[in-house]
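Undergrad: I have a structure here, written as structure tokens, and I will follow up with some questions on it.
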Amino acid sequence: MAVKLDLKSYKSDVHNNWCPGCGDFGILNAIQMALFSLKIEPHRVAVFSGIGCSGKTPHYLNTYSFHTLHGRAVPTATGAKIANKDLTVLAVGGDGDGYGIGSGYFVNAGRRNLDFTYIVFNNGVYGLTKGQASPTLAKGIKTRHLPEATLLEGLNPIALAIGAGYTFIARGYALDVRYLSNLIAQAISHKGSAFMDVLQTCPTYNDLYTKEWFDHGSEGQSRIYKLEDTGYDPIVHDANDPQEVIDKKLEAVRRSYEWGEQIPVGVYYKIDRPTYEDELGRRRPSLATKPITEIDLNDRDIEPLCNALR
Ligand code: SF4
């Protein structure tokens, strides 16, 4: 029986204990709005998170969810998607979680091109553990809670995602919820590994990249601009044209280094390529027809497998 969906269908009744004014609220709302706009029933969605403030996101969603270990949102999401290709699978986590301890998983998920969406809450700090510098905080920056300025270069997640092979790459801003929800809906609709870096304010520990800072540049203008407003075209129109692929990647990387007075948001790069599931299904046709979870294994002869493992 079809269930009537509304925005509340995606909200759990778990008490939310994020700090007042945290940008996480905007991302949570945007995820709920995106799922509702796509009319994906909550029981068809599974959300995986790592450790950090953002790791609590699945608690606040009325979907299947798994709050995993530090940096492990992506591998668990990968396992779930391979087991049940019919699920809409999201991984969520912070920049410390995904670009620090989880960086190996982040890179290889791009190479794999599994059909899932990875949303990273990027606030430049480890909020849950009192504001240490995360991998995206640039060298020489000192937030209020750091004893000294950082010594390490900041990591560029968009450029890293381009190099890793993600087939949909976007950046959003947590406090522009409507625009962010539209980007997330595009990411979920994309067939392949979709990556979203979301600039998120942490009013408790990052006193530099605040709402006021994003909204008011040195001449009073918003620092955030939308790529599409400049005529930017992120789409690779012919995936078999290596020159077009390279040109699109180079332009996306160039834009990803804009920071300060002008910060681009929107879709940076998009290409259609066969997904991991497509490739796997070609090699194992039985996996292409049904999710593994629905394949009856009772009459399978597993003796050859056991022998091979001996
Ligand atoms: Fe949000 Fe920062 Fe508070 Fe964590 S510490 S809930 S990121 S404001």
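By order of appearance in the structure tokens: chains A, B, ..., then residues from 1 within every chain, and ligands from 1 in the order shown.
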Kindly work out which residues sit at most 12 Å from ligand 1, using only C-alpha atoms and all ligand atoms, and give the list as a tab-separated table (two decimals) with C-alpha atoms, in the first residue's frame.

TA:
chain	number	residue	atom	x	y	z
A	16	ASN	CA	18.87	16.68	18.88
A	17	ASN	CA	21.85	17.87	20.95
A	18	TRP	CA	23.87	19.81	18.38
A	19	CYS	CA	24.89	23.29	19.60
A	20	PRO	CA	22.42	26.09	18.86
A	21	GLY	CA	23.24	27.71	15.52
A	22	CYS	CA	25.29	24.75	14.26
A	23	GLY	CA	25.41	24.41	10.47
A	24	ASP	CA	24.63	20.71	10.86
A	25	PHE	CA	20.95	21.60	11.22
A	26	GLY	CA	20.93	23.06	7.70
A	27	ILE	CA	22.50	19.93	6.22
A	28	LEU	CA	20.09	17.64	8.08
A	51	ILE	CA	32.36	9.68	14.39
A	52	GLY	CA	31.97	13.38	15.13
A	53	CYS	CA	29.08	15.81	15.59
A	54	SER	CA	27.90	15.02	12.06
A	55	GLY	CA	28.01	11.32	12.95
A	56	LYS	CA	24.75	11.84	14.82
A	57	THR	CA	22.90	12.74	11.63
A	93	GLY	CA	30.50	12.52	8.18
A	94	GLY	CA	32.80	15.35	9.05
A	95	ASP	CA	35.93	16.58	7.32
A	96	GLY	CA	38.14	15.09	10.03
A	121	PHE	CA	30.26	18.33	6.69
A	122	ASN	CA	33.30	20.60	6.32
A	123	ASN	CA	33.81	23.02	9.21
A	124	GLY	CA	37.62	23.00	9.48
A	125	VAL	CA	37.68	21.58	13.02
A	126	TYR	CA	37.09	18.42	15.03
A	127	GLY	CA	34.02	19.78	16.83
A	128	LEU	CA	33.19	16.76	18.99
A	129	THR	CA	36.65	16.69	20.56
A	130	LYS	CA	36.91	20.43	21.29
A	131	GLY	CA	38.04	22.13	18.12
A	132	GLN	CA	41.37	20.69	16.96
A	134	SER	CA	40.90	19.25	10.78
A	145	HIS	CA	40.48	27.19	20.48
A	174	ALA	CA	24.94	24.58	5.02
A	199	LEU	CA	30.78	24.25	4.00
A	200	GLN	CA	29.39	24.13	7.50
A	201	THR	CA	29.59	26.68	10.30
A	202	CYS	CA	30.67	25.53	13.76
A	203	PRO	CA	29.89	28.54	15.97
A	204	THR	CA	31.33	26.81	19.03
A	205	TYR	CA	34.87	26.09	17.78
A	206	ASN	CA	35.44	27.85	14.47
A	207	ASP	CA	35.22	31.59	15.12
A	209	TYR	CA	34.45	30.84	9.13
A	210	THR	CA	31.18	32.05	10.58
A	211	LYS	CA	27.84	32.91	8.96

Undergrad: Would you mind writing down, as an MDAnalysis selection string, each residue of region 122-293 of chain A that DSSP on the backbone assigns to alpha helix (DSSP H)?

TA: chainID A and resid 157:164 177:189 211:215 242:256 276:283 285:289

Undergrad: What's around region 231-236 of chain A at 8 Å? Count only C-alpha atoms, leave out sequence neighbours fewer than 4 positions away in its own chain, and write the answer as a CSV table (one decimal) with N, CA and C atoms, in the first residue's frame.

TA:
chain,number,residue,atom,x,y,z
A,227,LEU,N,28.2,28.5,-9.2
A,227,LEU,CA,29.0,28.3,-10.4
A,227,LEU,C,28.1,28.5,-11.7
A,244,GLU,N,38.0,16.3,-23.6
A,244,GLU,CA,36.9,17.0,-22.8
A,244,GLU,C,37.0,16.6,-21.4
A,245,VAL,N,37.2,15.3,-21.1
A,245,VAL,CA,37.3,14.9,-19.7
A,245,VAL,C,38.4,15.7,-18.9
A,248,LYS,N,37.5,19.4,-18.5
A,248,LYS,CA,36.5,19.6,-17.4
A,248,LYS,C,37.1,19.5,-16.0
A,252,ALA,N,37.4,22.3,-13.1
A,252,ALA,CA,36.9,22.1,-11.8
A,252,ALA,C,37.9,22.3,-10.7
A,267,VAL,N,27.5,22.4,-8.7
A,267,VAL,CA,28.1,21.2,-9.3
A,267,VAL,C,29.4,21.5,-10.0
A,268,TYR,N,30.5,20.9,-9.6
A,268,TYR,CA,31.8,21.2,-10.2
A,268,TYR,C,32.1,20.3,-11.4
A,269,TYR,N,31.6,19.0,-11.3
A,269,TYR,CA,32.0,18.0,-12.3
A,269,TYR,C,30.9,16.9,-12.3
A,270,LYS,N,30.6,16.5,-13.5
A,270,LYS,CA,29.6,15.4,-13.6
A,270,LYS,C,29.9,14.6,-14.9
A,271,ILE,N,30.0,13.3,-14.8
A,271,ILE,CA,30.2,12.5,-16.0
A,271,ILE,C,29.5,11.2,-15.8
A,272,ASP,N,28.9,10.6,-16.9
A,272,ASP,CA,28.2,9.3,-16.8
A,272,ASP,C,29.2,8.2,-17.2

Undergrad: So what do you get for CA of Lys11 (chain A) versus CA of Leu183 (chain A), distance-wise?

TA: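 Taking CA of Lys11 (chain A) as the start and CA of Leu183 (chain A) as the end point, the length is 19.7 Å.
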
Undergrad: Considering only C-alpha atoms, tabulate each residue of region 163-228 of chain A that lies at most 12 Å from region 62-82 of chain A along with its nearest interatomic pair and the corresponding distance in Å to one decimal; arrange the rows by chain and ascending residue number and present them as a Markdown table.

TA:
| residue | atom | partner | partner_atom | distance |
| --- | --- | --- | --- | --- |
| A:Gly192 | CA | A:Lys81 | CA | 11.4 |
| A:Ser193 | CA | A:Thr78 | CA | 10.3 |
| A:Ala194 | CA | A:Val74 | CA | 11.9 |
| A:Phe195 | CA | A:Val74 | CA | 11.1 |

Undergrad: Using only all heavy atoms, please write the residues we just selected to a file, as a PDB file, in the first residue's frame.

TA:
ATOM      1  N   GLY A 192      26.141   6.653  -9.813  1.00  0.00           N
ATOM      2  CA  GLY A 192      27.577   6.554  -9.611  1.00  0.00           C
ATOM      3  C   GLY A 192      27.954   7.191  -8.282  1.00  0.00           C
ATOM      4  O   GLY A 192      27.091   7.618  -7.503  1.00  0.00           O
ATOM      5  N   SER A 193      29.244   7.251  -8.009  1.00  0.00           N
ATOM      6  CA  SER A 193      29.711   7.819  -6.746  1.00  0.00           C
ATOM      7  C   SER A 193      29.589   9.334  -6.773  1.00  0.00           C
ATOM      8  O   SER A 193      30.280  10.002  -7.544  1.00  0.00           O
ATOM      9  CB  SER A 193      31.167   7.434  -6.490  1.00  0.00           C
ATOM     10  OG  SER A 193      31.235   6.078  -6.140  1.00  0.00           O
ATOM     11  N   ALA A 194      28.704   9.847  -5.922  1.00  0.00           N
ATOM     12  CA  ALA A 194      28.482  11.296  -5.854  1.00  0.00           C
ATOM     13  C   ALA A 194      29.089  11.811  -4.554  1.00  0.00           C
ATOM     14  O   ALA A 194      28.849  11.257  -3.480  1.00  0.00           O
ATOM     15  CB  ALA A 194      26.989  11.597  -5.901  1.00  0.00           C
ATOM     16  N   PHE A 195      29.873  12.857  -4.682  1.00  0.00           N
ATOM     17  CA  PHE A 195      30.543  13.423  -3.510  1.00  0.00           C
ATOM     18  C   PHE A 195      30.120  14.878  -3.336  1.00  0.00           C
ATOM     19  O   PHE A 195      30.082  15.644  -4.301  1.00  0.00           O
ATOM     20  CB  PHE A 195      32.065  13.346  -3.699  1.00  0.00           C
ATOM     21  CG  PHE A 195      32.818  14.254  -2.776  1.00  0.00           C
ATOM     22  CD1 PHE A 195      32.798  14.042  -1.402  1.00  0.00           C
ATOM     23  CD2 PHE A 195      33.533  15.334  -3.270  1.00  0.00           C
ATOM     24  CE1 PHE A 195      33.474  14.895  -0.548  1.00  0.00           C
ATOM     25  CE2 PHE A 195      34.219  16.186  -2.424  1.00  0.00           C
ATOM     26  CZ  PHE A 195      34.188  15.962  -1.064  1.00  0.00           C
TER      27      PHE A 195
END

Undergrad: Would you give me, as a tab-separated table, each residue of region 79-99 of chain A having an atom within 7 Å of an atom of region 274-291 of chain A, along with its shortest atom pair and that distance in Å to one decimal, using only C-alpha atoms and sorting by chain and residue number?

TA:
residue	atom	partner	partner_atom	distance
A:Ala83	CA	A:Pro291	CA	6.2
A:Asn84	CA	A:Pro291	CA	4.6
A:Lys85	CA	A:Pro291	CA	5.4
A:Asp86	CA	A:Pro291	CA	6.6

Undergrad: Please dump the current selection as a compact mmCIF listing (two decimals), in the first residue's frame; keep N, CA and C atoms.

TA:
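result_6.txt written:
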# COMPACT_ATOMS: atom_id res chain seq x y z
N ALA A 83 25.31 -5.28 -1.09
CA ALA A 83 24.37 -6.31 -0.64
C ALA A 83 22.96 -6.04 -1.15
N ASN A 84 22.59 -4.77 -1.25
CA ASN A 84 21.24 -4.44 -1.71
C ASN A 84 21.30 -3.24 -2.64
N LYS A 85 21.44 -3.54 -3.92
CA LYS A 85 21.61 -2.47 -4.90
C LYS A 85 20.37 -1.60 -5.06
N ASP A 86 19.22 -2.06 -4.53
CA ASP A 86 18.00 -1.28 -4.65
C ASP A 86 17.85 -0.21 -3.58

Undergrad: Please compute the CA of Gly266 (chain A)-CA of Asp241 (chain A) distance, one decimal, in Å.

TA: 23.7 Å

Undergrad: Name the residues of region 31-142 of chain A that come out as strand (DSSP E) in a backbone DSSP run; write them as a list of chain:residue names.

TA: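 Here are the strand (DSSP E) residues of region 31-142 of chain A: A:Val45, A:Ala46, A:Val47, A:Phe48, A:Ser49, A:Tyr64, A:Ser65, A:Phe66, A:His67, A:Thr88, A:Val89, A:Leu90, A:Ala91, A:Val92, A:Gly93, A:Gly94, A:Phe116, A:Thr117, A:Tyr118, A:Ile119, A:Val120, A:Phe121, A:Asn122, A:Val125, A:Tyr126, A:Gln132, A:Ala133.
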
Undergrad: At what distance in Å, to one decimal, does CA of Ser256 (chain A) lie from CA of Trp213 (chain A)?

TA: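 Calculated distance between CA of Trp213 (chain A) and CA of Ser256 (chain A) is 18.6 Å.
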
Undergrad: Can you pull out the residues contacting Ala164 (chain A)? Cut-off 7 Å, using only C-alpha atoms, and skip same-chain residues under 5 positions away; I want them as a list of chain:residue names.

TA: A:Val107, A:Asn108, A:Gly110, A:Arg111

Undergrad: Store the residues picked out above, limited to N, CA and C atoms, as a short mmCIF file (atom, residue, chain, number, x, y, z; two decimals), in the first residue's frame.

TA:
data_model
loop_
_atom_site.label_atom_id
_atom_site.label_comp_id
_atom_site.auth_asym_id
_atom_site.auth_seq_id
_atom_site.Cartn_x
_atom_site.Cartn_y
_atom_site.Cartn_z
N VAL A 107 39.15 8.10 -1.09
CA VAL A 107 39.80 8.05 -2.40
C VAL A 107 39.32 6.83 -3.20
N ASN A 108 39.32 5.68 -2.57
CA ASN A 108 39.00 4.47 -3.33
C ASN A 108 37.53 4.34 -3.67
N GLY A 110 35.90 6.79 -4.85
CA GLY A 110 35.84 7.50 -6.13
C GLY A 110 36.24 6.59 -7.28
N ARG A 111 37.28 5.82 -7.08
CA ARG A 111 37.74 4.89 -8.12
C ARG A 111 36.69 3.85 -8.45
#

Undergrad: Dump as a tab-separated table the rows for residues of region 160-217 of chain A within 9 Å of region 35-43 of chain A: closest atom pair and distance in Å with one decimal, only C-alpha atoms counted, ordered by chain and rising residue number.

TA:
residue	atom	partner	partner_atom	distance
A:Ser181	CA	A:Leu35	CA	8.7
A:Asn182	CA	A:Ser37	CA	8.7
A:Ile184	CA	A:Leu35	CA	8.6
A:Ala185	CA	A:Leu38	CA	6.9
A:Ile188	CA	A:Leu35	CA	8.5
A:Ser189	CA	A:Leu38	CA	8.3

Undergrad: Take the residues from that selection and put them in a file with C-alpha atoms, as a JSON list (two decimals), in the first residue's frame.

TA:
[["chain", "number", "residue", "atom", "x", "y", "z"],
["A", 181, "SER", "CA", 18.77, 20.29, -0.84],
["A", 182, "ASN", "CA", 18.62, 20.71, -4.60],
["A", 184, "ILE", "CA", 21.80, 16.72, -2.64],
["A", 185, "ALA", "CA", 18.82, 15.62, -4.73],
["A", 188, "ILE", "CA", 21.30, 11.10, -5.03],
["A", 189, "SER", "CA", 19.81, 10.96, -8.54]]

Undergrad: With only C-alpha atoms as the atoms that count, which of A:Ala159, A:Ala133, A:Leu7, A:Ala170 lies nearest to Tyr118 (chain A)?

TA: A:Ala170

Undergrad: Using only C-alpha atoms, find the one residue out of A:Ile119, A:Val47, A:Leu297, A:Ile302 that sits nearest to Phe106 (chain A).

TA: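 Checking each of A:Ile119, A:Val47, A:Leu297, A:Ile302 against Phe106 (chain A), counting only C-alpha atoms, the winner is A:Ile119.
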
Undergrad: Within 12 Å of Tyr257 (chain A), counting only C-alpha atoms, which residues show up once you throw out same-chain ones fewer than 3 positions away? Write them as a list in words, please.

TA: Ala138, Gly154, Leu155, Asn156, Pro157, Ile158, Ala159, Leu160, Leu250, Glu251, Ala252, Val253, Arg254, Gly260, Glu261, Gln262, Ile263, Pro264, Val265 and Tyr268 of chain A
